[in-house]
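Visitor: Questions regarding the structure given below will be posed in turn.
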Amino acid sequence: MRALIATRLSRLTEASTSPERQLAAATQFCEARGWSVIGEARDLDVSASVSPFDRPELGAWLSDPERLEQWDVLVVWKIDRLVRSIVHLHDLIRWSEEHAKTIVSATESHFDLSTRTGQVIATVVSMFAEMELESIRERNRAAAEHNIKSGKYRGGTPPWGYKAERDANGDWRYVQDPYQVEVIREVVRRVLDGEPLRAICNDLNDRGVLTAKDRTRQLRGKPVQGTQFAPSRLAESLQSPTMLGYVVTKGEVLRTPDGDPVVRSEPIMDRETFERVKSALAARGVTITRHPNVALLVGVFYCGVCGEKMYSFRLSGQRHGKPRPPYYRCASAQKRSQCSNGVIQAELVESLVEGTILRLLGDTERMRKVWVKGEDHSAELAEINAQLEDLTDLLLNPVYRRGTPQRARLEANIKALSQRQAELSAQPVRASGYHWETTGERLKDWWTSASTEQRNAWLQEHGVRLTGRKRPGRGVSPSLELDLGDLDEYLKTLHAPEDSRAAGLRDALADVPKGTGIEVDSDGARVITPR
């Protein structure tokens with residue numbers, strides 16, 4: 001008889017059932033039977049839940065016709081090294097009958113599939129093995145759930161901003177990694193300043209900043225692999241509740257039976273910053289494109305026929321020996337029902353928008369939106385008021401009668417709280433919100449040095465919107481409407497020269513009724529009309 005020996009380990013740390021021990025016992029069994037060993041199917045780090053036919057080594061010996069001809073009997077150390085599932089065992093019994101193969105155990109005399117009795121006994125044994133496997137799974141699930149809720153590190157790459165570190169009890173836990181936290185705070189600042197995610201990613205990659213995966217490898221003493229930051233992944237990480245220190249499993253926040261989120265580490269962002277980042281990314285979701293180079297008017301230019309966004313593209317080939325110029329076309333061109341709008345030359349519409357912006361605002365000082373955290377002490381004030389009510393009720397208690405040390409301490413406490421109450425009541429309540437801040441540079445100087453992505457982000461941040469449609473006829477200019485969005489709010493904060501066009505617009509806006517806006521034609525003439 002020609003014997004094939006099969007060994008298996010779920011984890012390489014199972015010293016008691018090492019592959020060497022399994023192989024030695026099976027080899028000794030074959031020698032006692034007078035069988036010749038032709039090979040070994042060794043599957044390491046393979047769970048018993050995996051079918052024998054799907055295992056890397058054994059599966060090949062069971063499915064390859066050439067290998068099937070080389071052996072007659074499959075020898076295993078114990079049945080649980082082969083199967084722990086009744087379904088898998090029945091499949092194996094049926095397969096062995098069809099292929100005239102015998103399967104035996106080197107240490108379990110009852111396991112011999114060449115006889116009907118052996119098949120019955122093997123089935124019963126396999127039932128208990130399957131029950132034990134399910135018990136192991138349940139224990140592992142319970143242990144994993146306990147470790148998660150207690151904040152323990154369970155292996156793998158920690159969430160962005162964190163690293164694994166042993167605590168005083170020797171347990172591995174998540175703690176903030178100063179290197180990653182510094183990167184996150186920089187990214188948050190740049191996102192709130194309106195910088196596109198792709199530009200941020202390109203800068204981080206150019207500077208060689210480590211991603212969470214590479215930083216984990218570095219901390220473990222392994223060589224980094226040069227993984228890159230990507231806009232979609234960056235946006236996902238910034239909006240993950242792990243930034244608040246919460247436990248996230250399968251995309252959902254893990255909660256206690258009372259519904260509270262499970263917190264396992266110190267938060268990297270406070271709730272207000274987290275919500276601001278989410279709002280900023282949601283508002284600019286249209287700016288994250290699949291193209292490496294964002295055109296100036298992506299997310300700004302809209303179709304005048306169907307209202308879809310207009311995207312930049314370049315026709316293939318050349319014209320007059322030069323590459324064809326870029327155009328904008330309606331996004332419906334990629335859909336089954338395309339609208340009737342034609343392509344519009346990019347240079348025409350981009351020069352209109354840039355020329356209008358720079359004519360109106362080029363000589364003014366560039367303004368920037370900055371988030372200012374508000375001041376509201378109502379919660380602390382309410383707590384102090386409640387404490388004072390409780391303390392003043394104690395004045396009638398005989399324990400606090402006049403002249404006693406207890407009364408002196410009570411009055412001192414009431415006096416301190418009353419002073420704090422007066423201080424908080426005198427402070428104004430200021431809501432959080434955006435405020436305009438000067439940058440010290442003229443807009444046209446910034447515009448000249450800014451990248452296309454930065455200009456695009458500026459246009460979108462200020463609500464600039466261009467609507468256009470191609471008019472029939474060769475050489476006929478398209479119909480264009482330019483809405484300057486938040487220009488009225490922007491102008492009111494400008495430090496503009498009094499003789500400038502921007503100052504004139506700013507002064508004119510003071511007399512404009514609410515609900516009206518500004519339209520600017522291609523010649524830069526200003527017309528104030530209802531929106």
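Note on naming: chains are A, B, ... as they come in the structure tokens, residues start from 1 per chain, ligands start from 1 in the order shown.
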Any idea what's packed within 12 Å of region 409-414 of chain A, counting only C-alpha atoms, ignoring anything in its chain fewer than 5 positions away? Could you give it as a VMD selection string?
Guide: chain A and resid 384 to 397 399 to 404 419 to 421
Visitor: Any idea what's packed within 12 Å of Glu182 (chain A), counting only C-alpha atoms, ignoring anything in its chain fewer than 2 positions away? Could you give it as a VMD selection string?
Guide: chain A and resid 160 to 162 176 to 180 184 to 189 209 to 210 268 to 269
Visitor: Pick out each residue of region 295-360 of chain A that DSSP on the backbone tags as helix (DSSP H, G or I); I need them as a PyMOL selection string.
Guide: chain A and resi 331-334+346-360
Visitor: Which distance in Å separates CA of Leu358 (chain A) and CA of Ala295 (chain A), to one decimal?
Guide: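 Between CA of Leu358 (chain A) and CA of Ala295 (chain A) the gap works out to 18.2 Å.
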Visitor: Could you check how far CA of Ser232 (chain A) sits from CA of Lys163 (chain A), in Å to one decimal?
Guide: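 Here the two named atoms are 22.5 Å from each other.
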Visitor: Env of Ala48 (chain A): 9 Å cut, atoms = only C-alpha atoms, seq-sep filter 3 positions within chain, self excluded. Answer as an MDAnalysis selection string.
Guide: chainID A and resid 8:10 51:52 80:85 133
Visitor: Excluding Val300 (chain A) and residues on its chain fewer than 3 positions from it, collect all residues at most 8 Å away from it, counting only C-alpha atoms, and give them as a PyMOL selection string.
Guide: chain A and resi 297+309+456+459-460+464-466
Visitor: Got time to write the residues from that selection, N, CA and C atoms, as a CSV table (one decimal), in the first residue's frame?
Guide:
```
chain,number,residue,atom,x,y,z
A,297,LEU,N,-12.8,74.5,-13.3
A,297,LEU,CA,-14.3,74.7,-13.1
A,297,LEU,C,-15.0,73.4,-12.8
A,309,LYS,N,-23.5,68.5,-13.9
A,309,LYS,CA,-22.1,69.1,-13.9
A,309,LYS,C,-21.4,68.9,-15.2
A,456,ASN,N,-9.7,76.0,-7.7
A,456,ASN,CA,-10.9,75.3,-7.8
A,456,ASN,C,-11.6,75.3,-6.4
A,459,LEU,N,-13.1,78.7,-5.5
A,459,LEU,CA,-14.3,79.0,-6.3
A,459,LEU,C,-15.5,78.3,-5.6
A,460,GLN,N,-15.3,77.0,-5.3
A,460,GLN,CA,-16.4,76.3,-4.7
A,460,GLN,C,-16.7,76.7,-3.3
A,464,VAL,N,-19.2,80.1,-6.2
A,464,VAL,CA,-19.2,80.6,-7.6
A,464,VAL,C,-19.8,79.5,-8.4
A,465,ARG,N,-20.7,79.9,-9.3
A,465,ARG,CA,-21.4,78.9,-10.2
A,465,ARG,C,-21.5,79.5,-11.6
A,466,LEU,N,-21.1,78.7,-12.6
A,466,LEU,CA,-21.2,79.1,-14.0
A,466,LEU,C,-22.2,78.1,-14.7
```
Visitor: Considering only C-alpha atoms, return as a list in words whatever protein or nucleic-acid residues lie within 12 Å of Arg207 (chain A), sequence-local ones (same chain, fewer than 4 positions apart) excluded.
Guide: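 What passes the distance filter is Val183, Ile200, Cys201, Asn202, Asp203, Thr211, Gly226, Gln228 and Phe229 of chain A.
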Visitor: How would the residues just chosen look if you wrote them out with C-alpha atoms as an mmCIF file, in the first residue's frame?
Guide:
```cif
data_model
loop_
_atom_site.group_PDB
_atom_site.id
_atom_site.type_symbol
_atom_site.label_atom_id
_atom_site.label_comp_id
_atom_site.auth_asym_id
_atom_site.auth_seq_id
_atom_site.Cartn_x
_atom_site.Cartn_y
_atom_site.Cartn_z
ATOM 1 C CA VAL A 183 -0.242 64.464 10.795
ATOM 2 C CA ILE A 200 -3.136 67.096 0.624
ATOM 3 C CA CYS A 201 -2.458 63.458 -0.293
ATOM 4 C CA ASN A 202 0.056 64.423 -2.966
ATOM 5 C CA ASP A 203 1.903 66.627 -0.484
ATOM 6 C CA THR A 211 0.466 55.901 6.448
ATOM 7 C CA GLY A 226 5.774 52.833 0.837
ATOM 8 C CA GLN A 228 0.426 55.996 -0.303
ATOM 9 C CA PHE A 229 -2.289 58.306 0.985
#
```
Visitor: Neighbours of Arg469 (chain A) within 9 Å (only C-alpha atoms; same-chain residues fewer than 6 positions away dropped), as a list in words?
Guide: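 The residues that qualify are Tyr302, Cys303, Gly304, Val305, Asn341, Gly342, Val343, Ile344, Pro478, Ser479 and Leu480 of chain A.
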Visitor: For Val263 (chain A), which residue out of A:Ser340, A:Tyr174, A:Ala60, A:Arg215 is the nearest one, using only C-alpha atoms?
Guide: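 The shortest atom-to-atom distance to Val263 (chain A) comes from A:Tyr174.
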Visitor: For the atom pair CA of Leu44 (chain A) and CA of Val75 (chain A), what is the interatomic distance in Å to one decimal place?
Guide: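 We find that CA of Leu44 (chain A) and CA of Val75 (chain A) lie 16.8 Å from each other.
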Visitor: Identify, on the basis of only C-alpha atoms, every residue whose closest approach to Trp447 (chain A) does not exceed 9 Å; exclude the query and any residue fewer than 5 positions from it along the same chain; express the result as a PDB file with N, CA and C atoms, in the first residue's frame.
Guide:
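This went into selection_31.pdb:
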```pdb
ATOM      1  N   LEU A 358     -10.724  88.414 -11.057  1.00  0.00           N
ATOM      2  CA  LEU A 358      -9.543  89.264 -10.858  1.00  0.00           C
ATOM      3  C   LEU A 358      -9.846  90.729 -11.135  1.00  0.00           C
ATOM      4  N   GLY A 362      -9.131  91.444  -7.699  1.00  0.00           N
ATOM      5  CA  GLY A 362      -7.696  91.206  -7.784  1.00  0.00           C
ATOM      6  C   GLY A 362      -6.861  92.114  -6.899  1.00  0.00           C
ATOM      7  N   ARG A 442      -2.615  90.206  -1.623  1.00  0.00           N
ATOM      8  CA  ARG A 442      -3.671  90.513  -2.587  1.00  0.00           C
ATOM      9  C   ARG A 442      -4.150  89.236  -3.262  1.00  0.00           C
ATOM     10  N   GLN A 454      -6.161  74.492  -5.919  1.00  0.00           N
ATOM     11  CA  GLN A 454      -6.434  75.501  -4.901  1.00  0.00           C
ATOM     12  C   GLN A 454      -7.414  76.546  -5.417  1.00  0.00           C
ATOM     13  N   ARG A 455      -7.270  76.940  -6.666  1.00  0.00           N
ATOM     14  CA  ARG A 455      -8.219  77.902  -7.244  1.00  0.00           C
ATOM     15  C   ARG A 455      -9.610  77.288  -7.319  1.00  0.00           C
TER      16      ARG A 455
END
```
Visitor: Rank A:Trp436, A:Phe301, A:Trp35, A:Trp95 by their smallest atom-to-atom distance to Leu68 (chain A), using only C-alpha atoms, and report the top residue only.
Guide: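 Residue with the minimum atom-to-atom distance to Leu68 (chain A): A:Trp95.
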Visitor: Region 152-347 of chain A: which residues are strand (DSSP E) by DSSP, as a PyMOL selection string?
Guide: chain A and resi 162-166+172-176+248-249+252-253+301-303+310-314+318-319+322-323+326-330+344-345
Visitor: Would you save the residues from that selection as a PDB file, in the first residue's frame, using C-alpha atoms?
Guide:
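Listed below is the output, out_37.pdb:
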```pdb
ATOM      1  CA  TYR A 162      -3.148  55.096  17.415  1.00  0.00           C
ATOM      2  CA  LYS A 163      -0.529  52.489  18.299  1.00  0.00           C
ATOM      3  CA  ALA A 164      -0.484  49.393  20.503  1.00  0.00           C
ATOM      4  CA  GLU A 165       1.279  49.665  23.848  1.00  0.00           C
ATOM      5  CA  ARG A 166       1.406  47.552  27.013  1.00  0.00           C
ATOM      6  CA  TRP A 172      -1.951  45.596  25.037  1.00  0.00           C
ATOM      7  CA  ARG A 173      -4.082  48.734  24.543  1.00  0.00           C
ATOM      8  CA  TYR A 174      -4.572  51.552  22.058  1.00  0.00           C
ATOM      9  CA  VAL A 175      -2.770  54.810  22.831  1.00  0.00           C
ATOM     10  CA  GLN A 176      -2.241  57.900  20.704  1.00  0.00           C
ATOM     11  CA  VAL A 248     -15.805  50.461  15.484  1.00  0.00           C
ATOM     12  CA  THR A 249     -16.522  46.921  14.301  1.00  0.00           C
ATOM     13  CA  GLU A 252     -20.570  50.351  13.146  1.00  0.00           C
ATOM     14  CA  VAL A 253     -19.896  51.922  16.530  1.00  0.00           C
ATOM     15  CA  PHE A 301     -19.574  74.719 -14.195  1.00  0.00           C
ATOM     16  CA  TYR A 302     -23.080  73.295 -14.756  1.00  0.00           C
ATOM     17  CA  CYS A 303     -25.027  72.395 -17.894  1.00  0.00           C
ATOM     18  CA  MET A 310     -19.776  69.866 -16.713  1.00  0.00           C
ATOM     19  CA  TYR A 311     -16.507  67.908 -16.789  1.00  0.00           C
ATOM     20  CA  SER A 312     -13.233  68.649 -18.534  1.00  0.00           C
ATOM     21  CA  PHE A 313     -11.919  66.341 -21.250  1.00  0.00           C
ATOM     22  CA  ARG A 314      -9.501  66.461 -24.167  1.00  0.00           C
ATOM     23  CA  GLN A 318      -3.909  66.640 -32.994  1.00  0.00           C
ATOM     24  CA  ARG A 319      -5.084  69.655 -34.921  1.00  0.00           C
ATOM     25  CA  LYS A 322      -0.756  70.535 -31.921  1.00  0.00           C
ATOM     26  CA  PRO A 323      -2.712  68.648 -29.230  1.00  0.00           C
ATOM     27  CA  PRO A 326      -9.483  70.876 -23.583  1.00  0.00           C
ATOM     28  CA  TYR A 327     -13.277  71.157 -23.529  1.00  0.00           C
ATOM     29  CA  TYR A 328     -16.084  70.899 -21.008  1.00  0.00           C
ATOM     30  CA  ARG A 329     -19.031  68.633 -21.650  1.00  0.00           C
ATOM     31  CA  CYS A 330     -22.132  67.624 -19.721  1.00  0.00           C
ATOM     32  CA  ILE A 344     -17.656  74.181 -24.801  1.00  0.00           C
ATOM     33  CA  GLN A 345     -14.046  75.202 -25.122  1.00  0.00           C
TER      34      GLN A 345
END
```
